[in-house]
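Structure record follows, encoded as structure tokens.
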Amino acid sequence: MAKKEPTELSVEEKLKALYQLQTILSTIDEKRALRGELPLEVSDLEDEIAGLNTRVDKINAEIAEFQQAVTQKKGEINEAQASIDRYKAQLDQVKNNREYDMLSKEIEFQTLEVEVCNKKIREALDKVEEKKQELAKSQENIEERQDDLKHKKEELDSIMQETREEEEKLKAKAQELEEKIEPRLLASFKRIRKNARNGLGIVYVQRDACGGCFNKIPPQRQLDIKMHKKIIVCEYCGRILIDPELAGVKTEAPAEEKPKRRRVVRKAKTASDDEGMDA
């Protein structure tokens, strides 16, 4: 028998395929729900560790900059000290007061340069120490987060190992069903399912109401659903509606209402009634 193209399927066959697909996808959703918030927690921890590693790299770069500044200032101190020694040697050879004053000012200026450089070095070393403490704290946080991540991943892997094989089989069945459904209808179904809070894209009628949003469905619309002549969606939530019988769902028959017992109201006796009885 030749395989039918998706567009050749009757509305009834399309609805059956969609409902079967929904059942499989709901089962997959349930299995994923077993993982709870673990995938998100793992992802958050990985993002946090990546952020901490970036922070560590930045701190290391800042420490390197301060250490480079210290090296530079030490070089400037050596140059200034060499100039001071040279100027002091020249003081013994001055010929007049003008040369003496000029050399004295140069010595004073270079001495101030040395003091400024020493101050800058102390400040830089303080910053280096501060950054090293910050670095140690960040590395400690990374170790803690990595330990948490390891345990979360082990827990997640354990849960996924239990459900992976069955989930893969379900995914394969879902893929087979999707191939039977025309792309346009399948795209609409997936869009509805994505926007639905409970992931239901197709629901059956329950007690004269939509099985998704539980709003009442008019009798004529219910009749149209049972006829399977066209795809009908809920006018409130947009979900595709299917007849329970077509979906293979047994519904409880509405309980028959018991006839109400008439309440007998006894008339109260009056004084005239008592007199009549005495007569």
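The chains in the structure tokens are called A, B, ... from first to last as shown; in each chain the residues are counted from 1, and the ligands are counted from 1 in the order shown.
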
Who sits within 9 Å of range 195-204 of chain A, only C-alpha atoms, same chain under 6 positions skipped, as number ranges by chain = A: 15, 18-19, 22, 25-26, 29, 188-189, 210-212, 233, 237-247, 249

ask   = Smallest atom-to-atom distance to Ala174 in chain A: which of A:Ile232, A:Leu135, A:Ile24, A:Glu76, using only C-alpha atoms?
value = A:Ile24

query = Between CA of Glu144 in chain A and CA of Val128 in chain A, what is the distance, to one decimal in Å?
reply = 24.2 Å

query = Within 10 Å of range 158-163 of chain A, counting only C-alpha atoms, which residues qualify if same-chain residues fewer than 4 places away don't, as a VMD selection string?
reply = chain A and resid 28 31 to 32 34 to 35 38 152 to 154 167 to 168

Show me, as a short mmCIF file (atom, residue, chain, number, x, y, z; two decimals) with all heavy atoms, in the first residue's frame, the residues that have an atom within 9 Å of Cys117 in chain A when counting only C-alpha atoms, minus same-chain residues fewer than 4 positions from it.
```cif
data_model
loop_
_atom_site.label_atom_id
_atom_site.label_comp_id
_atom_site.auth_asym_id
_atom_site.auth_seq_id
_atom_site.Cartn_x
_atom_site.Cartn_y
_atom_site.Cartn_z
N VAL A 70 55.56 49.65 39.31
CA VAL A 70 56.59 49.63 40.35
C VAL A 70 57.98 49.52 39.72
O VAL A 70 58.91 50.25 40.09
CB VAL A 70 56.36 48.44 41.32
CG1 VAL A 70 57.57 48.23 42.23
CG2 VAL A 70 55.11 48.68 42.16
N LYS A 73 58.89 52.85 38.16
CA LYS A 73 59.25 53.87 39.15
C LYS A 73 60.62 53.59 39.77
O LYS A 73 61.38 54.51 40.07
CB LYS A 73 58.18 53.95 40.25
CG LYS A 73 56.85 54.48 39.79
CD LYS A 73 56.97 55.87 39.20
CE LYS A 73 55.67 56.39 38.62
NZ LYS A 73 55.84 57.70 37.95
N LYS A 74 60.93 52.31 39.95
CA LYS A 74 62.27 51.97 40.47
C LYS A 74 63.35 52.39 39.47
O LYS A 74 64.43 52.85 39.87
CB LYS A 74 62.36 50.46 40.74
CG LYS A 74 61.63 50.04 42.00
CD LYS A 74 61.78 48.54 42.25
CE LYS A 74 61.10 48.15 43.56
NZ LYS A 74 61.20 46.68 43.82
N GLU A 76 63.05 54.92 37.41
CA GLU A 76 63.13 56.38 37.51
C GLU A 76 63.92 56.81 38.73
O GLU A 76 64.65 57.82 38.69
CB GLU A 76 61.71 56.97 37.55
CG GLU A 76 60.94 56.80 36.23
CD GLU A 76 59.51 57.30 36.32
OE1 GLU A 76 59.16 57.89 37.37
OE2 GLU A 76 58.74 57.11 35.36
N ILE A 77 63.77 56.05 39.83
CA ILE A 77 64.53 56.36 41.05
C ILE A 77 66.03 56.19 40.80
O ILE A 77 66.86 57.03 41.22
CB ILE A 77 64.07 55.46 42.22
CG1 ILE A 77 62.68 55.89 42.70
CG2 ILE A 77 65.07 55.52 43.39
CD1 ILE A 77 62.07 54.96 43.73
N LEU A 112 63.22 65.24 45.26
CA LEU A 112 61.74 65.23 45.29
C LEU A 112 61.19 64.16 44.35
O LEU A 112 60.21 63.48 44.68
CB LEU A 112 61.19 66.61 44.90
CG LEU A 112 61.36 67.72 45.94
CD1 LEU A 112 60.94 69.07 45.35
CD2 LEU A 112 60.53 67.42 47.19
N GLU A 113 61.81 63.98 43.19
CA GLU A 113 61.38 62.96 42.23
C GLU A 113 61.50 61.57 42.86
O GLU A 113 60.62 60.71 42.68
CB GLU A 113 62.25 63.03 40.97
CG GLU A 113 61.85 64.12 39.99
CD GLU A 113 60.49 63.87 39.37
OE1 GLU A 113 60.23 62.74 38.91
OE2 GLU A 113 59.67 64.80 39.37
N ILE A 121 55.33 53.92 44.42
CA ILE A 121 55.63 52.49 44.58
C ILE A 121 54.84 51.91 45.75
O ILE A 121 54.27 50.82 45.64
CB ILE A 121 57.15 52.28 44.78
CG1 ILE A 121 57.88 52.53 43.46
CG2 ILE A 121 57.44 50.87 45.29
CD1 ILE A 121 59.39 52.55 43.59
N ARG A 122 54.82 52.66 46.89
CA ARG A 122 54.06 52.17 48.06
C ARG A 122 52.58 52.01 47.73
O ARG A 122 51.95 51.01 48.11
CB ARG A 122 54.26 53.14 49.23
CG ARG A 122 55.63 53.07 49.88
CD ARG A 122 55.67 53.80 51.21
NE ARG A 122 55.36 55.21 51.07
CZ ARG A 122 56.27 56.17 50.83
NH1 ARG A 122 57.56 55.83 50.68
NH2 ARG A 122 55.92 57.43 50.73
#
```

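Between Glu46 in chain A and the residues A:Gln206, A:Lys230, A:Gln220, A:Leu149, the shortest atom-to-atom distance, using only C-alpha atoms, involves A:Leu149.
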
message = Among range 183-229 of chain A, which residues does DSSP mark as strand (DSSP E) when it is run on the backbone? Keep the chain and numbering as in the structure and answer as an MDAnalysis selection string.
response = chainID A and resid 202:206 209:210

Write a file of the just-selected residues containing N, CA and C atoms, as a PDB file, in the first residue's frame.
```
ATOM      1  N   ILE A 202      -3.276  20.380  21.399  1.00  0.00           N
ATOM      2  CA  ILE A 202      -4.555  19.791  20.994  1.00  0.00           C
ATOM      3  C   ILE A 202      -5.176  19.137  22.220  1.00  0.00           C
ATOM      4  N   VAL A 203      -6.462  19.378  22.441  1.00  0.00           N
ATOM      5  CA  VAL A 203      -7.157  18.853  23.627  1.00  0.00           C
ATOM      6  C   VAL A 203      -8.524  18.328  23.207  1.00  0.00           C
ATOM      7  N   TYR A 204      -9.057  17.398  23.988  1.00  0.00           N
ATOM      8  CA  TYR A 204     -10.390  16.883  23.684  1.00  0.00           C
ATOM      9  C   TYR A 204     -11.444  17.611  24.523  1.00  0.00           C
ATOM     10  N   VAL A 205     -12.660  17.524  24.094  1.00  0.00           N
ATOM     11  CA  VAL A 205     -13.767  18.200  24.771  1.00  0.00           C
ATOM     12  C   VAL A 205     -14.103  17.444  26.047  1.00  0.00           C
ATOM     13  N   GLN A 206     -14.165  18.162  27.154  1.00  0.00           N
ATOM     14  CA  GLN A 206     -14.493  17.562  28.442  1.00  0.00           C
ATOM     15  C   GLN A 206     -15.697  18.280  29.041  1.00  0.00           C
ATOM     16  N   ALA A 209     -16.778  21.419  27.504  1.00  0.00           N
ATOM     17  CA  ALA A 209     -15.836  22.534  27.617  1.00  0.00           C
ATOM     18  C   ALA A 209     -14.496  22.158  26.993  1.00  0.00           C
ATOM     19  N   CYS A 210     -13.690  23.167  26.694  1.00  0.00           N
ATOM     20  CA  CYS A 210     -12.345  22.967  26.158  1.00  0.00           C
ATOM     21  C   CYS A 210     -11.483  22.307  27.225  1.00  0.00           C
TER      22      CYS A 210
END
```

inquiry  = From the options A:Ala80, A:Ile192, A:Met227, A:Leu125, which residue's atoms come nearest to Glu12 in chain A, counting only C-alpha atoms?
reply    = A:Met227

Of the listed residues A:Val94, A:Cys213, A:Leu103, A:Gly75, that which approaches Asn118 in chain A most closely, counting only C-alpha atoms = A:Gly75

request  = Might you pull out every residue within 12 Å of Glu108 in chain A, with only C-alpha atoms counted and same-chain residues fewer than 4 positions away left off, and present them as a PyMOL selection string?
outcome  = chain A and resi 80-81+83-85+87-88+101-104+112-115

The selected residues should be written to file as an mmCIF file, in the first residue's frame (atoms: C-alpha atoms).
```cif
data_model
loop_
_atom_site.group_PDB
_atom_site.id
_atom_site.type_symbol
_atom_site.label_atom_id
_atom_site.label_comp_id
_atom_site.auth_asym_id
_atom_site.auth_seq_id
_atom_site.Cartn_x
_atom_site.Cartn_y
_atom_site.Cartn_z
ATOM 1 C CA ALA A 80 67.256 60.321 39.625
ATOM 2 C CA GLN A 81 69.780 58.939 42.112
ATOM 3 C CA SER A 83 71.687 62.441 38.553
ATOM 4 C CA ILE A 84 71.964 63.426 42.242
ATOM 5 C CA ASP A 85 75.348 61.720 42.535
ATOM 6 C CA TYR A 87 75.355 66.880 40.508
ATOM 7 C CA LYS A 88 76.955 66.421 43.930
ATOM 8 C CA ASP A 101 72.638 77.397 43.155
ATOM 9 C CA MET A 102 71.695 75.789 39.871
ATOM 10 C CA LEU A 103 73.199 72.413 40.865
ATOM 11 C CA SER A 104 71.627 72.630 44.331
ATOM 12 C CA LEU A 112 61.740 65.231 45.290
ATOM 13 C CA GLU A 113 61.385 62.957 42.226
ATOM 14 C CA VAL A 114 62.782 60.064 44.274
ATOM 15 C CA GLU A 115 60.295 60.766 47.092
#
```

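In terms of minimum interatomic distance to Asn141 in chain A, A:Gly51 ranks closest within A:Gly51, A:Gly248, A:Pro39, A:Pro183, counting only C-alpha atoms.
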
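Our summary of the geometry notes that CA of Glu130 in chain A is positioned 17.2 Å from CA of Leu52 in chain A.
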
request  = For CA of Leu9 in chain A and CA of Cys234 in chain A, quote the distance in Å rounded to one decimal.
outcome  = 22.2 Å
